[in-house]
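Enquirer: Structure file target_19.tsv (TSV, C-alpha atoms) is given on the next line.
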```tsv
chain	number	residue	atom	x	y	z
G	215	MET	CA	0.00	0.00	0.00
G	216	ALA	CA	1.12	3.54	-0.71
G	217	LYS	CA	1.76	4.61	2.86
G	218	ARG	CA	3.07	8.05	3.74
G	219	SER	CA	4.40	9.51	6.97
G	220	PHE	CA	1.59	10.48	9.35
G	221	PRO	CA	1.78	13.09	12.12
G	222	LEU	CA	2.55	11.61	15.52
G	223	SER	CA	0.01	13.98	17.08
G	224	ARG	CA	-2.77	12.14	15.18
G	225	VAL	CA	-1.72	8.56	15.98
G	226	TYR	CA	-4.38	8.30	18.70
G	227	THR	CA	-7.10	8.50	16.01
G	228	LEU	CA	-5.88	5.15	14.64
G	229	LEU	CA	-5.74	3.18	17.89
G	230	GLU	CA	-8.43	4.81	20.05
G	231	PRO	CA	-11.29	3.01	18.21
G	232	GLY	CA	-9.84	-0.35	19.34
G	233	PRO	CA	-8.86	-2.23	16.16
G	234	VAL	CA	-7.08	-5.56	16.30
G	235	VAL	CA	-3.46	-4.98	15.27
G	236	LEU	CA	-0.70	-7.20	13.95
G	237	LEU	CA	2.36	-6.64	16.13
G	238	THR	CA	5.57	-7.41	14.27
G	239	THR	CA	8.95	-8.11	15.81
G	240	ASP	CA	12.36	-8.92	14.43
G	241	GLY	CA	14.59	-11.63	15.85
G	242	ARG	CA	16.07	-15.06	15.31
G	243	GLY	CA	14.35	-16.87	12.42
G	244	GLY	CA	13.24	-13.58	10.82
G	245	PRO	CA	10.18	-11.38	11.28
G	246	ASP	CA	7.05	-12.50	13.14
G	247	ALA	CA	3.52	-11.13	13.54
G	248	MET	CA	1.03	-11.66	16.37
G	249	ALA	CA	-2.62	-10.57	16.54
G	250	MET	CA	-3.35	-8.28	19.48
G	251	SER	CA	-6.43	-6.44	20.74
G	252	TRP	CA	-5.34	-5.54	24.25
G	253	HIS	CA	-3.91	-2.07	23.77
G	254	THR	CA	-4.74	1.49	24.79
G	255	MET	CA	-3.40	4.97	24.22
G	256	LEU	CA	-1.64	6.38	27.30
G	257	GLU	CA	-0.53	9.80	26.02
G	258	PHE	CA	-1.23	11.95	22.93
G	259	GLU	CA	2.24	13.28	22.11
G	260	PRO	CA	4.69	11.78	22.01
G	261	PRO	CA	2.17	9.00	21.45
G	262	LEU	CA	2.46	6.36	24.14
G	263	VAL	CA	0.63	3.05	23.80
G	264	GLY	CA	0.22	0.39	26.46
G	265	CYS	CA	-0.26	-3.20	25.29
G	266	VAL	CA	-0.44	-6.67	26.78
G	267	ILE	CA	1.81	-9.45	25.49
G	268	SER	CA	1.55	-12.66	27.47
G	269	ASN	CA	4.69	-14.50	28.51
G	270	ARG	CA	3.12	-17.46	26.67
G	271	ASP	CA	3.38	-15.53	23.38
G	272	TRP	CA	6.37	-16.08	21.09
G	273	SER	CA	6.59	-12.28	20.76
G	274	TYR	CA	7.18	-11.84	24.49
G	275	GLY	CA	10.84	-12.83	24.51
G	276	ARG	CA	11.46	-11.11	21.20
G	277	ILE	CA	10.13	-7.71	22.26
G	278	LYS	CA	11.90	-7.97	25.61
G	279	ARG	CA	15.18	-8.55	23.76
G	280	SER	CA	14.78	-6.11	20.86
G	281	ARG	CA	12.70	-3.47	22.70
G	282	GLU	CA	11.11	-2.63	19.35
G	283	CYS	CA	8.01	-3.54	17.40
G	284	VAL	CA	5.58	-2.26	14.76
G	285	LEU	CA	1.81	-2.05	15.28
G	286	ASN	CA	0.18	-2.70	11.89
G	287	VAL	CA	-3.54	-2.02	11.48
G	288	PRO	CA	-5.32	-4.47	9.16
G	289	THR	CA	-8.71	-4.06	7.50
G	290	ALA	CA	-11.44	-6.60	6.80
G	291	GLU	CA	-9.77	-7.93	3.64
G	292	LEU	CA	-7.08	-9.37	5.93
G	293	ALA	CA	-9.44	-11.12	8.37
G	294	GLU	CA	-8.22	-14.62	7.49
G	295	GLN	CA	-4.59	-13.62	7.87
G	296	VAL	CA	-5.33	-12.01	11.25
G	297	VAL	CA	-6.99	-15.18	12.54
G	298	GLY	CA	-4.16	-17.22	11.04
G	299	CYS	CA	-1.60	-15.15	12.93
G	300	GLY	CA	-3.67	-15.53	16.10
G	301	ASN	CA	-3.88	-19.30	15.83
G	302	THR	CA	-0.26	-20.14	15.08
G	303	THR	CA	3.03	-19.46	16.82
G	304	GLY	CA	6.20	-18.01	15.38
G	305	ALA	CA	8.03	-20.79	17.21
G	306	GLU	CA	6.74	-23.16	14.53
G	307	VAL	CA	5.53	-21.09	11.57
G	308	ASP	CA	6.98	-18.38	9.33
G	309	LYS	CA	3.79	-16.34	9.39
G	310	PHE	CA	4.80	-13.96	6.61
G	311	ALA	CA	5.33	-16.91	4.25
G	312	ARG	CA	2.35	-18.92	5.49
G	313	PHE	CA	-0.17	-16.09	5.25
G	314	GLY	CA	1.24	-14.23	2.27
G	315	LEU	CA	2.18	-11.09	4.17
G	316	THR	CA	4.84	-8.74	2.79
G	317	ALA	CA	7.52	-7.40	5.14
G	318	ARG	CA	8.81	-3.92	4.30
G	319	PRO	CA	11.71	-2.22	6.07
G	320	ALA	CA	10.75	0.32	8.72
G	321	LYS	CA	12.49	3.66	9.09
G	322	LYS	CA	13.56	3.65	12.74
G	323	VAL	CA	13.23	0.07	14.01
G	324	ALA	CA	14.32	-3.38	12.84
G	325	ALA	CA	10.82	-4.89	13.04
G	326	PRO	CA	9.07	-4.80	9.67
G	327	LEU	CA	6.04	-2.96	8.37
G	328	ILE	CA	3.32	-5.21	6.93
G	329	ASP	CA	2.70	-3.85	3.46
G	330	GLU	CA	-0.90	-5.11	3.29
G	331	CYS	CA	-1.93	-3.11	6.39
G	332	TYR	CA	-3.16	0.44	5.77
G	333	ALA	CA	-1.34	1.88	8.81
G	334	SER	CA	1.91	0.98	10.58
G	335	LEU	CA	3.31	2.47	13.77
G	336	GLU	CA	7.01	2.03	14.53
G	337	CYS	CA	7.47	1.68	18.29
G	338	ARG	CA	10.16	1.47	20.93
G	339	VAL	CA	9.57	0.00	24.39
G	340	VAL	CA	9.97	2.80	26.94
G	341	ASP	CA	8.68	1.27	30.18
G	342	THR	CA	8.61	-2.36	31.33
G	343	ARG	CA	7.65	-1.80	34.98
G	344	ALA	CA	4.25	-3.51	34.60
G	345	VAL	CA	5.50	-6.38	32.43
G	346	ASN	CA	5.95	-8.89	35.22
G	347	ARG	CA	2.49	-8.20	36.66
G	348	TYR	CA	0.38	-7.87	33.50
G	349	GLY	CA	2.63	-8.39	30.46
G	350	PHE	CA	1.97	-4.67	30.00
G	351	PHE	CA	4.54	-2.94	27.78
G	352	VAL	CA	4.57	0.83	27.30
G	353	LEU	CA	5.53	1.75	23.72
G	354	GLU	CA	6.44	5.10	22.24
G	355	VAL	CA	5.41	5.52	18.61
G	356	VAL	CA	8.50	6.96	16.90
G	357	HIS	CA	7.25	6.98	13.31
G	358	ALA	CA	3.81	6.46	11.79
G	359	TRP	CA	2.76	5.47	8.27
G	360	VAL	CA	-0.75	5.61	6.81
G	361	ASP	CA	-2.12	5.13	3.31
G	362	PRO	CA	-3.93	8.45	2.76
G	363	ALA	CA	-6.28	6.79	0.25
G	364	VAL	CA	-7.93	4.87	3.11
G	365	THR	CA	-10.27	7.39	4.69
G	366	ALA	CA	-12.82	5.08	6.31
G	367	PRO	CA	-10.81	1.95	7.19
G	368	ARG	CA	-12.90	-1.20	7.68
G	369	THR	CA	-10.92	-2.18	10.76
G	370	LEU	CA	-11.54	-5.43	12.66
G	371	HIS	CA	-12.66	-5.43	16.29
G	372	HIS	CA	-12.52	-8.75	18.11
G	373	ARG	CA	-15.54	-9.93	20.10
G	374	GLY	CA	-13.93	-13.23	21.08
G	375	ARG	CA	-13.58	-16.71	19.55
G	376	GLY	CA	-13.05	-15.54	15.96
G	377	VAL	CA	-16.04	-13.19	15.91
G	378	PHE	CA	-15.16	-9.73	14.64
G	379	MET	CA	-17.12	-6.54	14.30
G	380	VAL	CA	-16.16	-4.67	11.13
G	381	ALA	CA	-16.02	-0.88	11.38
G	382	GLY	CA	-19.28	0.59	10.09
G	383	GLU	CA	-20.57	4.05	9.31
G	384	THR	CA	-18.99	7.26	10.52
G	385	ILE	CA	-20.91	9.92	12.44
G	386	ARG	CA	-19.69	13.37	13.35
G	387	LEU	CA	-20.88	15.49	16.26
G	388	PRO	CA	-19.91	18.99	17.35
G	389	SER	CA	-17.30	18.40	20.03
G	390	ARG	CA	-14.55	20.14	21.94
G	391	MET	CA	-12.97	16.77	22.77
G	392	LYS	CA	-9.56	16.03	21.31
U	176	MET	CA	-32.91	-1.54	29.73
U	177	ALA	CA	-33.59	-5.07	30.92
U	178	LYS	CA	-30.08	-5.96	31.96
U	179	ARG	CA	-29.21	-9.32	33.50
U	180	SER	CA	-26.08	-10.59	35.20
U	181	PHE	CA	-23.39	-11.57	32.70
U	182	PRO	CA	-20.56	-14.05	33.28
U	183	LEU	CA	-17.31	-12.38	34.34
U	184	SER	CA	-15.41	-14.78	32.08
U	185	ARG	CA	-17.08	-13.14	29.04
U	186	VAL	CA	-16.54	-9.50	30.01
U	187	TYR	CA	-13.56	-9.22	27.64
U	188	THR	CA	-15.93	-9.63	24.67
U	189	LEU	CA	-17.55	-6.30	25.61
U	190	LEU	CA	-14.42	-4.19	25.99
U	191	GLU	CA	-11.92	-5.82	23.60
U	192	PRO	CA	-13.53	-4.21	20.50
U	193	GLY	CA	-12.67	-0.78	21.92
U	194	PRO	CA	-16.00	1.02	22.50
U	195	VAL	CA	-16.18	4.41	24.13
U	196	VAL	CA	-17.57	3.93	27.65
U	197	LEU	CA	-19.25	6.19	30.17
U	198	LEU	CA	-17.38	5.84	33.45
U	199	THR	CA	-19.59	6.66	36.41
U	200	THR	CA	-18.45	7.55	39.91
U	201	ASP	CA	-20.19	8.44	43.12
U	202	GLY	CA	-19.12	11.29	45.36
U	203	ARG	CA	-19.92	14.75	46.62
U	204	GLY	CA	-22.70	16.34	44.53
U	205	GLY	CA	-24.06	12.98	43.41
U	206	PRO	CA	-23.20	10.68	40.53
U	207	ASP	CA	-21.08	11.75	37.56
U	208	ALA	CA	-20.25	10.26	34.15
U	209	MET	CA	-17.20	10.82	31.93
U	210	ALA	CA	-16.61	9.60	28.37
U	211	MET	CA	-13.52	7.40	28.05
U	212	SER	CA	-11.88	5.51	25.19
U	213	TRP	CA	-8.45	4.80	26.67
U	214	HIS	CA	-8.97	1.36	28.19
U	215	THR	CA	-7.74	-2.17	27.63
U	216	MET	CA	-8.31	-5.62	29.03
U	217	LEU	CA	-5.38	-6.83	31.16
U	218	GLU	CA	-6.64	-10.26	32.26
U	219	PHE	CA	-9.55	-12.54	31.35
U	220	GLU	CA	-10.66	-13.77	34.78
U	221	PRO	CA	-11.08	-12.21	37.13
U	222	PRO	CA	-11.49	-9.54	34.47
U	223	LEU	CA	-8.94	-6.79	34.91
U	224	VAL	CA	-9.22	-3.58	32.91
U	225	GLY	CA	-6.62	-0.82	32.66
U	226	CYS	CA	-7.87	2.70	31.92
U	227	VAL	CA	-6.51	6.21	31.75
U	228	ILE	CA	-8.12	9.02	33.75
U	229	SER	CA	-6.26	12.30	33.55
U	230	ASN	CA	-5.61	14.29	36.70
U	231	ARG	CA	-7.40	17.12	34.82
U	232	ASP	CA	-10.61	15.04	34.82
U	233	TRP	CA	-13.21	15.61	37.52
U	234	SER	CA	-13.43	11.83	37.87
U	235	TYR	CA	-9.76	11.55	38.85
U	236	GLY	CA	-10.15	12.67	42.45
U	237	ARG	CA	-13.45	10.87	42.82
U	238	ILE	CA	-12.14	7.47	41.74
U	239	LYS	CA	-9.00	7.93	43.84
U	240	ARG	CA	-11.19	8.56	46.88
U	241	SER	CA	-13.95	5.99	46.29
U	242	ARG	CA	-11.80	3.35	44.52
U	243	GLU	CA	-14.93	2.32	42.64
U	244	CYS	CA	-16.59	3.03	39.31
U	245	VAL	CA	-18.91	1.55	36.70
U	246	LEU	CA	-18.01	1.21	33.01
U	247	ASN	CA	-21.22	1.65	31.02
U	248	VAL	CA	-21.22	0.82	27.31
U	249	PRO	CA	-23.45	3.09	25.20
U	250	THR	CA	-24.71	2.48	21.68
U	251	ALA	CA	-25.22	4.89	18.78
U	252	GLU	CA	-28.59	6.15	20.07
U	253	LEU	CA	-26.64	7.79	22.92
U	254	ALA	CA	-24.03	9.55	20.74
U	255	GLU	CA	-25.17	13.04	21.72
U	256	GLN	CA	-25.14	12.20	25.40
U	257	VAL	CA	-21.65	10.71	25.09
U	258	VAL	CA	-20.30	13.86	23.43
U	259	GLY	CA	-22.14	15.94	25.98
U	260	CYS	CA	-20.47	14.06	28.84
U	261	GLY	CA	-17.11	14.49	27.08
U	262	ASN	CA	-17.52	18.24	26.67
U	263	THR	CA	-18.65	19.17	30.16
U	264	THR	CA	-17.25	18.69	33.63
U	265	GLY	CA	-18.94	17.30	36.67
U	266	ALA	CA	-17.43	20.23	38.58
U	267	GLU	CA	-20.05	22.43	36.92
U	268	VAL	CA	-22.77	20.21	35.52
U	269	ASP	CA	-25.05	17.47	36.84
U	270	LYS	CA	-24.59	15.30	33.77
U	271	PHE	CA	-27.37	12.85	34.61
U	272	ALA	CA	-29.88	15.72	34.76
U	273	ARG	CA	-28.42	17.67	31.84
U	274	PHE	CA	-28.30	14.72	29.42
U	275	GLY	CA	-31.33	12.78	30.62
U	276	LEU	CA	-29.42	9.77	31.88
U	277	THR	CA	-30.98	7.48	34.47
U	278	ALA	CA	-28.87	6.33	37.44
U	279	ARG	CA	-29.70	2.88	38.77
U	280	PRO	CA	-28.17	1.36	41.90
U	281	ALA	CA	-25.35	-1.09	41.33
U	282	LYS	CA	-25.03	-4.35	43.23
U	283	LYS	CA	-21.53	-4.15	44.68
U	284	VAL	CA	-20.36	-0.53	44.32
U	285	ALA	CA	-21.77	2.91	45.15
U	286	ALA	CA	-21.27	4.30	41.61
U	287	PRO	CA	-24.44	4.00	39.53
U	288	LEU	CA	-25.34	1.98	36.46
U	289	ILE	CA	-26.58	4.07	33.53
U	290	ASP	CA	-29.91	2.54	32.61
U	291	GLU	CA	-29.76	3.66	28.96
U	292	CYS	CA	-26.48	1.74	28.34
U	293	TYR	CA	-26.84	-1.88	27.20
U	294	ALA	CA	-23.95	-3.10	29.38
U	295	SER	CA	-22.57	-2.00	32.75
U	296	LEU	CA	-19.49	-3.31	34.55
U	297	GLU	CA	-19.13	-2.71	38.27
U	298	CYS	CA	-15.45	-2.17	39.10
U	299	ARG	CA	-13.11	-1.77	42.02
U	300	VAL	CA	-9.67	-0.17	41.73
U	301	VAL	CA	-7.07	-2.83	42.52
U	302	ASP	CA	-3.76	-1.22	41.49
U	303	THR	CA	-2.75	2.45	41.39
U	304	ARG	CA	1.00	1.99	40.83
U	305	ALA	CA	0.90	3.56	37.34
U	306	VAL	CA	-1.49	6.39	38.26
U	307	ASN	CA	1.15	9.02	38.87
U	308	ARG	CA	2.96	8.29	35.60
U	309	TYR	CA	0.05	7.74	33.20
U	310	GLY	CA	-3.21	8.21	35.10
U	311	PHE	CA	-3.48	4.45	34.56
U	312	PHE	CA	-5.88	2.72	36.96
U	313	VAL	CA	-6.23	-1.06	37.11
U	314	LEU	CA	-9.84	-2.09	37.72
U	315	GLU	CA	-11.29	-5.46	38.62
U	316	VAL	CA	-14.77	-6.07	37.26
U	317	VAL	CA	-16.73	-7.46	40.20
U	318	HIS	CA	-20.18	-7.67	38.60
U	319	ALA	CA	-21.35	-7.37	35.00
U	320	TRP	CA	-24.77	-6.54	33.55
U	321	VAL	CA	-25.86	-6.90	29.93
U	322	ASP	CA	-29.21	-6.59	28.18
U	323	PRO	CA	-29.44	-10.01	26.47
U	324	ALA	CA	-31.76	-8.55	23.82
U	325	VAL	CA	-28.83	-6.57	22.39
U	326	THR	CA	-26.92	-9.12	20.32
U	327	ALA	CA	-25.11	-6.83	17.85
U	328	PRO	CA	-24.58	-3.61	19.82
U	329	ARG	CA	-23.99	-0.52	17.66
U	330	THR	CA	-21.17	0.67	19.90
U	331	LEU	CA	-19.34	3.95	19.34
U	332	HIS	CA	-15.62	4.07	18.59
U	333	HIS	CA	-13.95	7.46	18.78
U	334	ARG	CA	-11.71	8.60	15.92
U	335	GLY	CA	-11.03	12.01	17.49
U	336	ARG	CA	-12.71	15.45	17.51
U	337	GLY	CA	-16.27	14.15	17.74
U	338	VAL	CA	-15.93	11.66	14.86
U	339	PHE	CA	-17.17	8.20	15.76
U	340	MET	CA	-17.18	4.92	13.91
U	341	VAL	CA	-20.36	2.97	14.63
U	342	ALA	CA	-19.98	-0.81	14.96
U	343	GLY	CA	-20.86	-2.45	11.64
U	344	GLU	CA	-21.38	-5.98	10.40
U	345	THR	CA	-20.20	-9.09	12.25
U	346	ILE	CA	-18.00	-11.73	10.65
U	347	ARG	CA	-17.09	-15.09	12.10
U	348	LEU	CA	-14.00	-17.13	11.29
U	349	PRO	CA	-12.90	-20.54	12.52
U	350	SER	CA	-10.52	-19.74	15.35
U	351	ARG	CA	-8.82	-21.29	18.36
U	352	MET	CA	-8.30	-17.83	19.85
U	353	LYS	CA	-10.10	-17.05	23.08
```
Turn this file's structure into C-alpha cells for me.
Expert:
Amino acid sequence: MAKRSFPLSRVYTLLEPGPVVLLTTDGRGGPDAMAMSWHTMLEFEPPLVGCVISNRDWSYGRIKRSRECVLNVPTAELAEQVVGCGNTTGAEVDKFARFGLTARPAKKVAAPLIDECYASLECRVVDTRAVNRYGFFVLEVVHAWVDPAVTAPRTLHHRGRGVFMVAGETIRLPSRMK
Amino acid sequence: MAKRSFPLSRVYTLLEPGPVVLLTTDGRGGPDAMAMSWHTMLEFEPPLVGCVISNRDWSYGRIKRSRECVLNVPTAELAEQVVGCGNTTGAEVDKFARFGLTARPAKKVAAPLIDECYASLECRVVDTRAVNRYGFFVLEVVHAWVDPAVTAPRTLHHRGRGVFMVAGETIRLPSRMK
C-alpha cells in the first residue's frame, strides 16, 4: 500500500477506536507477527501506547530482547490472515510466508512494516515496569505510516472466539474533545 | 434496559472491541459520568481492565477517593449524550440531569449503572501503581450486567474530535483464539 508519513500527534485517532493490530517483531528466524487487541493509548504526544503481550506468546521474549516492534492495522480484507496469525506461533511457523504477508523495512526500528496493512506504527519500548504483573509494555510511537487513500478503514474489532465486528458508518458530532 | 447478570469470564468480549464507555463515579454532589476511550483488558478472569483518567478530569479525584466506578457501554442512540459528557465537567454540571441519563443502583459498588447503556461493569480499583505516571488505573470487574436482547450492539468508537465509527457488520471465522 502507498503509505506516507503520518503526524505523531494524530496517531491516537488510529488506535483509540480499538482495532485488532498485527504486532511485528524482528529476531532469530526472521520477522514474526502476532494478533493483538489488548492495547490502549496512554498519552497523545509523544504517542504512548500500552499493550499486553503474554509471557506465553512467542513475541514476548522477542520484544523484551529487541525493545522494538511495529503495530500494523489491518482491515477486513485481511481477516483470514489475522486469525491465522492468532492461531499459530512463530516458534513453529513463518507467518509472513504462510499467510502471504509482505515485510517492508521500517524507518527507525528493525521490526518490519506489513505492506498489506493500511497503517503501521514504529514503536520502541519505553517502560517495562508492569510487564511482570500484567505483560503490559509501554511503547512510544516513533514513526507512523498511513495510506492516505484509506479514509474510512474497515478495521476489525474482536468480540472473542473468531467473531469480529467490522467498522461501520462514521458519524460526526460537534465536540470540543480532542 | 432489561439488563441481566453476565458471566465475568465473558466481560472481555464487551471491551476488547474498543467502544467508548461512560465511566460513572459516586461522590460529593451525586453521581457523575465521563466519556472514556483509553482502556484495555489486562486479564480474562477475574477480568482486569486498565484505563486512563487524567488528573485534569473531575473523575480523577473521585475514583482515587472511592476506589470504585462503573463502566457503562453506550450504543449509537446515545451519541449526543456521550459527546455531551465528554464536553462538560462534573465540577459544573449534573450530567445525569443535563443529558437525561438514568442512574440505577449497582449491586456491589456505590457508583451508579446508567440505565440507557446496554452493558454496565461494576469495578473496584485494585492497582494504582501507574497512576502518577500515566493516570493508569487497574480495575477489577466485580459484577457485569448486559441486556441479552442486544446481540449486535452498535457501539461507538472514537476517531477524534467528535468523529465516531459505529460498529458495523459481524464476521465469524474458525478460530482457536479465546
Enquirer: Specify as a VMD selection string all residues of chain G found within 6 Å of chain U, counting all atoms listed in the file.
Expert: chain G and resid 227 231 to 232 252 to 255 301 371 to 387 389 to 392
Enquirer: To one decimal in Å, tell me the separation between atom CA of U:Thr326 and atom CA of G:Leu292.
Expert: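 Between atom CA of U:Thr326 and atom CA of G:Leu292 the gap is 24.5 Å.
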Enquirer: What does chain U look like after a least-squares fit onto chain G on every Cα paired in order, written as a short mmCIF file (atom, residue, chain, number, x, y, z; two decimals) with C-alpha atoms, keeping the file's coordinate frame?
Expert:
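Saved file part38.cif follows:
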```cif
data_model
loop_
_atom_site.label_atom_id
_atom_site.label_comp_id
_atom_site.auth_asym_id
_atom_site.auth_seq_id
_atom_site.Cartn_x
_atom_site.Cartn_y
_atom_site.Cartn_z
CA MET U 176 -0.01 -0.01 0.00
CA ALA U 177 1.11 3.54 -0.70
CA LYS U 178 1.75 4.60 2.86
CA ARG U 179 3.06 8.06 3.74
CA SER U 180 4.38 9.51 6.97
CA PHE U 181 1.58 10.49 9.35
CA PRO U 182 1.77 13.10 12.12
CA LEU U 183 2.55 11.60 15.52
CA SER U 184 0.01 13.97 17.08
CA ARG U 185 -2.77 12.14 15.18
CA VAL U 186 -1.73 8.57 15.97
CA TYR U 187 -4.38 8.30 18.70
CA THR U 188 -7.10 8.50 16.03
CA LEU U 189 -5.87 5.15 14.65
CA LEU U 190 -5.74 3.18 17.89
CA GLU U 191 -8.44 4.80 20.06
CA PRO U 192 -11.29 3.00 18.21
CA GLY U 193 -9.84 -0.33 19.36
CA PRO U 194 -8.85 -2.23 16.18
CA VAL U 195 -7.08 -5.55 16.31
CA VAL U 196 -3.45 -4.98 15.27
CA LEU U 197 -0.69 -7.19 13.95
CA LEU U 198 2.36 -6.63 16.13
CA THR U 199 5.57 -7.41 14.27
CA THR U 200 8.96 -8.11 15.80
CA ASP U 201 12.36 -8.93 14.43
CA GLY U 202 14.59 -11.64 15.84
CA ARG U 203 16.06 -15.07 15.32
CA GLY U 204 14.33 -16.85 12.41
CA GLY U 205 13.23 -13.59 10.81
CA PRO U 206 10.19 -11.39 11.27
CA ASP U 207 7.06 -12.50 13.12
CA ALA U 208 3.52 -11.13 13.53
CA MET U 209 1.02 -11.66 16.36
CA ALA U 210 -2.62 -10.57 16.53
CA MET U 211 -3.34 -8.27 19.48
CA SER U 212 -6.43 -6.45 20.74
CA TRP U 213 -5.34 -5.54 24.27
CA HIS U 214 -3.91 -2.07 23.76
CA THR U 215 -4.73 1.48 24.78
CA MET U 216 -3.41 4.96 24.21
CA LEU U 217 -1.64 6.37 27.29
CA GLU U 218 -0.55 9.80 26.01
CA PHE U 219 -1.24 11.92 22.93
CA GLU U 220 2.24 13.25 22.12
CA PRO U 221 4.68 11.78 22.01
CA PRO U 222 2.18 8.99 21.44
CA LEU U 223 2.46 6.36 24.14
CA VAL U 224 0.62 3.06 23.79
CA GLY U 225 0.21 0.39 26.46
CA CYS U 226 -0.26 -3.20 25.29
CA VAL U 227 -0.44 -6.66 26.77
CA ILE U 228 1.82 -9.45 25.50
CA SER U 229 1.56 -12.66 27.46
CA ASN U 230 4.70 -14.49 28.51
CA ARG U 231 3.12 -17.46 26.66
CA ASP U 232 3.37 -15.51 23.38
CA TRP U 233 6.35 -16.06 21.10
CA SER U 234 6.58 -12.28 20.76
CA TYR U 235 7.16 -11.82 24.49
CA GLY U 236 10.82 -12.80 24.52
CA ARG U 237 11.46 -11.11 21.20
CA ILE U 238 10.12 -7.71 22.25
CA LYS U 239 11.90 -7.97 25.61
CA ARG U 240 15.17 -8.55 23.77
CA SER U 241 14.77 -6.11 20.85
CA ARG U 242 12.69 -3.47 22.70
CA GLU U 243 11.11 -2.64 19.35
CA CYS U 244 8.00 -3.55 17.39
CA VAL U 245 5.59 -2.27 14.76
CA LEU U 246 1.81 -2.05 15.26
CA ASN U 247 0.19 -2.70 11.89
CA VAL U 248 -3.53 -2.03 11.48
CA PRO U 249 -5.31 -4.47 9.14
CA THR U 250 -8.70 -4.05 7.50
CA ALA U 251 -11.44 -6.60 6.80
CA GLU U 252 -9.76 -7.93 3.64
CA LEU U 253 -7.07 -9.38 5.93
CA ALA U 254 -9.44 -11.13 8.38
CA GLU U 255 -8.21 -14.61 7.49
CA GLN U 256 -4.59 -13.62 7.86
CA VAL U 257 -5.32 -12.01 11.24
CA VAL U 258 -6.99 -15.17 12.54
CA GLY U 259 -4.18 -17.21 11.06
CA CYS U 260 -1.59 -15.15 12.93
CA GLY U 261 -3.67 -15.53 16.11
CA ASN U 262 -3.89 -19.31 15.82
CA THR U 263 -0.27 -20.13 15.09
CA THR U 264 3.02 -19.45 16.82
CA GLY U 265 6.16 -18.00 15.39
CA ALA U 266 8.02 -20.79 17.21
CA GLU U 267 6.72 -23.15 14.53
CA VAL U 268 5.53 -21.10 11.59
CA ASP U 269 6.97 -18.39 9.34
CA LYS U 270 3.79 -16.34 9.39
CA PHE U 271 4.82 -13.96 6.61
CA ALA U 272 5.34 -16.92 4.25
CA ARG U 273 2.36 -18.93 5.49
CA PHE U 274 -0.17 -16.08 5.24
CA GLY U 275 1.26 -14.21 2.27
CA LEU U 276 2.20 -11.08 4.17
CA THR U 277 4.85 -8.74 2.78
CA ALA U 278 7.54 -7.39 5.14
CA ARG U 279 8.81 -3.92 4.30
CA PRO U 280 11.71 -2.21 6.08
CA ALA U 281 10.76 0.32 8.72
CA LYS U 282 12.49 3.66 9.10
CA LYS U 283 13.57 3.66 12.73
CA VAL U 284 13.23 0.07 14.01
CA ALA U 285 14.33 -3.38 12.84
CA ALA U 286 10.82 -4.90 13.03
CA PRO U 287 9.07 -4.81 9.65
CA LEU U 288 6.03 -2.95 8.36
CA ILE U 289 3.33 -5.21 6.92
CA ASP U 290 2.70 -3.85 3.45
CA GLU U 291 -0.90 -5.12 3.28
CA CYS U 292 -1.93 -3.10 6.39
CA TYR U 293 -3.16 0.45 5.77
CA ALA U 294 -1.34 1.87 8.81
CA SER U 295 1.91 0.97 10.57
CA LEU U 296 3.33 2.47 13.76
CA GLU U 297 7.01 2.04 14.52
CA CYS U 298 7.47 1.67 18.29
CA ARG U 299 10.15 1.49 20.93
CA VAL U 300 9.56 0.01 24.38
CA VAL U 301 9.98 2.79 26.94
CA ASP U 302 8.67 1.27 30.19
CA THR U 303 8.61 -2.36 31.34
CA ARG U 304 7.65 -1.78 34.99
CA ALA U 305 4.25 -3.50 34.60
CA VAL U 306 5.52 -6.38 32.44
CA ASN U 307 5.95 -8.88 35.23
CA ARG U 308 2.49 -8.22 36.67
CA TYR U 309 0.38 -7.88 33.51
CA GLY U 310 2.63 -8.39 30.48
CA PHE U 311 1.97 -4.67 30.00
CA PHE U 312 4.54 -2.94 27.79
CA VAL U 313 4.58 0.83 27.29
CA LEU U 314 5.52 1.75 23.73
CA GLU U 315 6.44 5.10 22.23
CA VAL U 316 5.43 5.52 18.61
CA VAL U 317 8.50 6.95 16.91
CA HIS U 318 7.26 6.97 13.30
CA ALA U 319 3.81 6.47 11.79
CA TRP U 320 2.76 5.45 8.27
CA VAL U 321 -0.74 5.62 6.81
CA ASP U 322 -2.12 5.11 3.31
CA PRO U 323 -3.93 8.44 2.77
CA ALA U 324 -6.27 6.78 0.25
CA VAL U 325 -7.92 4.86 3.10
CA THR U 326 -10.27 7.39 4.68
CA ALA U 327 -12.82 5.06 6.32
CA PRO U 328 -10.80 1.95 7.19
CA ARG U 329 -12.89 -1.20 7.68
CA THR U 330 -10.91 -2.19 10.76
CA LEU U 331 -11.53 -5.42 12.66
CA HIS U 332 -12.66 -5.43 16.29
CA HIS U 333 -12.51 -8.74 18.11
CA ARG U 334 -15.54 -9.92 20.09
CA GLY U 335 -13.92 -13.23 21.07
CA ARG U 336 -13.60 -16.72 19.55
CA GLY U 337 -13.05 -15.55 15.98
CA VAL U 338 -16.04 -13.17 15.92
CA PHE U 339 -15.15 -9.73 14.63
CA MET U 340 -17.11 -6.53 14.30
CA VAL U 341 -16.14 -4.68 11.13
CA ALA U 342 -16.00 -0.87 11.38
CA GLY U 343 -19.27 0.59 10.10
CA GLU U 344 -20.58 4.04 9.31
CA THR U 345 -18.98 7.27 10.54
CA ILE U 346 -20.90 9.92 12.45
CA ARG U 347 -19.68 13.37 13.36
CA LEU U 348 -20.89 15.49 16.26
CA PRO U 349 -19.91 18.99 17.34
CA SER U 350 -17.31 18.40 20.03
CA ARG U 351 -14.56 20.14 21.96
CA MET U 352 -13.00 16.77 22.77
CA LYS U 353 -9.57 16.06 21.35
#
```
Enquirer: So, with only C-alpha atoms as the atoms that count, which of G:Ser219, G:Thr239, G:Asn269, G:Thr316 lies closest to G:Val356?
Expert: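 Among the listed residues, the smallest separation from G:Val356 belongs to G:Ser219.
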Enquirer: Between atom CA of G:Leu353 and atom CA of G:Asn286, what is the spacing in Å?
Expert: 13.7 Å
Enquirer: Find the residues near G:Val307: any atom within 10 Å, counting all atoms listed in the file, skip ones fewer than 6 places away on the same chain, and give them as a ChimeraX atom specification.
Expert: /G:243,246,299,313
